[in-house]
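Enquirer: Right, I'll just put the structure down here and ask away after.
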Amino acid sequence: MKHRVVDPAGVVFGLVVPLLCAVFGFVLTKIWEPRLPEQIATHWTATSPDGFSTPSANAWTIALLTLLFGGGLSAIAALAPAMLMMRRFMLVVGLSVVGLITTVNFALLYTQLDVADPSTTSLPLWSIGVGFAVGGVLGWIGASFLRDYRVRTLATIEPSAGLPRSSCPLPISDDVGFSTKGSVILTAITLAPGVIMALAMRSLWPLFIFGALGLLVVSLVRFRVIVDEPEIRVINMGMAAMTYGIDEVVGADVAEIKPFADFGGWGLKTKGRRNYGVVTRTGPAVVITFAGGDRLTITTPKAEDIAGSLNRLADARTR
């Protein structure tokens, strides 16, 4: 594949969308300015506003927040050489922030239309949860359009004779990471603060934020690995996070891995340059080396079968 510096979909969703949202704030303020107070409320305590600004100053502040925080996070999606899964995750997080800021700003302005005294207004708290959720969905849609522009290098040597071989039927697939039960427990733990806040505030908006956050957290510890004749794929968030062709495999071996000791934690991890790990449990792992210099470690009970099959398939490509 031809080397690319930028991912077109990443430019659209990671750069253009935050910019359009920032511009939207300016345009909306300009249209509504004749109906807004000279000083609008921009910050609230639990009971009343405690911060005020002119509409134009607020528009500049919102635009900067949108571009610096939301756009700053999502911009990495445009960098084609970066790891695909990291670009997808940062796009979802970044657009969640963009959606949050944009929706809250809309609600802030709408609430103060034709209001004489902005100190009597209150911010609709639903805008926080709805904005975060809508931005997250847009980020997930954008993430599905991102592509892996990694330059592939074909292997020119066979795997070492000392590496395992097996004749397991293909494809081989395994769900690695937290089980459904474990994922439910992790989601519940993440959602618990939102439930407490929702009950205390008598509002559902915290559930939107913590629910979306729970989904993001769980997505980082659930993967599906598939090995078949053309390639090995690591699926995450319903999309291929990593894909390597069999013709790139130099060799595959089996090792015992401790996630924290060997990679510093669970999930998709990196340990040095181009050394990646999908590590979600202690125990056997398949360790695959590729001609381009990448090294991929996947903890799975099927490590022996996957390593043996990859070496067997790599042997067959030279015959």
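By order of appearance in the structure tokens: chains A, B, ..., then residues from 1 within every chain, and ligands from 1 in the order shown.
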Find the nearest atom pair between each residue of segment 94-210 of chain A and segment 68-81 of chain A for residues within 9 Å, count only C-alpha atoms, give distances in Å to one decimal, sort rows by chain and ascending number, and present the table as JSON lines.
Expert:
{"residue": "A:Gly94", "atom": "CA", "partner": "A:Ser74", "partner_atom": "CA", "distance": 4.4}
{"residue": "A:Leu95", "atom": "CA", "partner": "A:Gly70", "partner_atom": "CA", "distance": 6.0}
{"residue": "A:Ser96", "atom": "CA", "partner": "A:Gly70", "partner_atom": "CA", "distance": 7.5}
{"residue": "A:Val97", "atom": "CA", "partner": "A:Gly70", "partner_atom": "CA", "distance": 5.0}
{"residue": "A:Val98", "atom": "CA", "partner": "A:Gly70", "partner_atom": "CA", "distance": 4.8}
{"residue": "A:Gly99", "atom": "CA", "partner": "A:Gly70", "partner_atom": "CA", "distance": 8.4}
{"residue": "A:Ile101", "atom": "CA", "partner": "A:Gly70", "partner_atom": "CA", "distance": 8.4}
{"residue": "A:Gly139", "atom": "CA", "partner": "A:Ser74", "partner_atom": "CA", "distance": 8.7}
{"residue": "A:Ala143", "atom": "CA", "partner": "A:Ala77", "partner_atom": "CA", "distance": 8.2}
{"residue": "A:Leu146", "atom": "CA", "partner": "A:Ala77", "partner_atom": "CA", "distance": 7.6}
{"residue": "A:Arg147", "atom": "CA", "partner": "A:Ala80", "partner_atom": "CA", "distance": 7.9}
{"residue": "A:Asp148", "atom": "CA", "partner": "A:Ala80", "partner_atom": "CA", "distance": 7.1}
{"residue": "A:Tyr149", "atom": "CA", "partner": "A:Ala80", "partner_atom": "CA", "distance": 5.8}
{"residue": "A:Arg150", "atom": "CA", "partner": "A:Pro81", "partner_atom": "CA", "distance": 6.1}
{"residue": "A:Val151", "atom": "CA", "partner": "A:Pro81", "partner_atom": "CA", "distance": 8.5}
Enquirer: Restrict the selected residues to C-alpha atoms and save them as a CSV table (one decimal), in the first residue's frame.
Expert:
chain,number,residue,atom,x,y,z
A,94,GLY,CA,-12.5,14.1,21.0
A,95,LEU,CA,-15.9,14.3,19.3
A,96,SER,CA,-17.6,13.4,22.5
A,97,VAL,CA,-16.0,16.6,24.0
A,98,VAL,CA,-16.9,18.6,20.8
A,99,GLY,CA,-20.5,17.4,21.1
A,101,ILE,CA,-19.3,21.8,24.3
A,139,GLY,CA,-17.1,9.8,16.7
A,143,ALA,CA,-14.0,5.8,13.4
A,146,LEU,CA,-10.8,5.4,9.3
A,147,ARG,CA,-8.4,3.0,7.5
A,148,ASP,CA,-5.1,1.4,8.2
A,149,TYR,CA,-2.4,3.0,5.9
A,150,ARG,CA,0.4,1.0,7.4
A,151,VAL,CA,3.1,0.2,4.8
Enquirer: What residues in segment 182-246 of chain A get the DSSP label strand (DSSP E)? Please answer as a PyMOL selection string.
Expert: chain A and resi 222-227+231-236+239-245
Enquirer: For the selection you just gave me, I'd like the residues written to a file as a short mmCIF file (atom, residue, chain, number, x, y, z; two decimals), in the first residue's frame, keeping C-alpha atoms.
Expert:
data_model
loop_
_atom_site.label_atom_id
_atom_site.label_comp_id
_atom_site.auth_asym_id
_atom_site.auth_seq_id
_atom_site.Cartn_x
_atom_site.Cartn_y
_atom_site.Cartn_z
CA ARG A 222 -12.61 -6.75 24.63
CA PHE A 223 -11.13 -8.06 21.38
CA ARG A 224 -11.69 -10.82 18.87
CA VAL A 225 -8.74 -12.45 17.11
CA ILE A 226 -9.25 -14.23 13.79
CA VAL A 227 -6.61 -16.18 11.86
CA GLU A 231 -4.44 -12.65 7.27
CA ILE A 232 -4.65 -12.26 11.03
CA ARG A 233 -7.12 -9.67 12.35
CA VAL A 234 -7.72 -8.09 15.75
CA ILE A 235 -11.31 -6.83 16.00
CA ASN A 236 -12.27 -4.07 18.43
CA MET A 239 -14.04 -2.95 13.52
CA ALA A 240 -10.65 -4.35 12.51
CA ALA A 241 -8.15 -2.58 14.77
CA MET A 242 -5.10 -4.41 13.40
CA THR A 243 -4.67 -6.49 10.24
CA TYR A 244 -1.54 -8.29 9.08
CA GLY A 245 -1.16 -10.49 6.02
#
Enquirer: In terms of the shortest atom-to-atom distance over only C-alpha atoms, which of A:Val217, A:Gly293, A:Ala255, A:Tyr276 is closest to Val93 of chain A?
Expert: A:Val217
Enquirer: Mind giving me the straight-line distance from atom CA of Thr66 of chain A to atom CA of Phe145 of chain A in Å, one decimal?
Expert: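 That distance, rounded to one decimal, is 22.2 Å.
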Enquirer: What separation in Å, quoted to one decimal, exists between atom CA of Val218 of chain A and atom CA of Met83 of chain A?
Expert: 19.1 Å
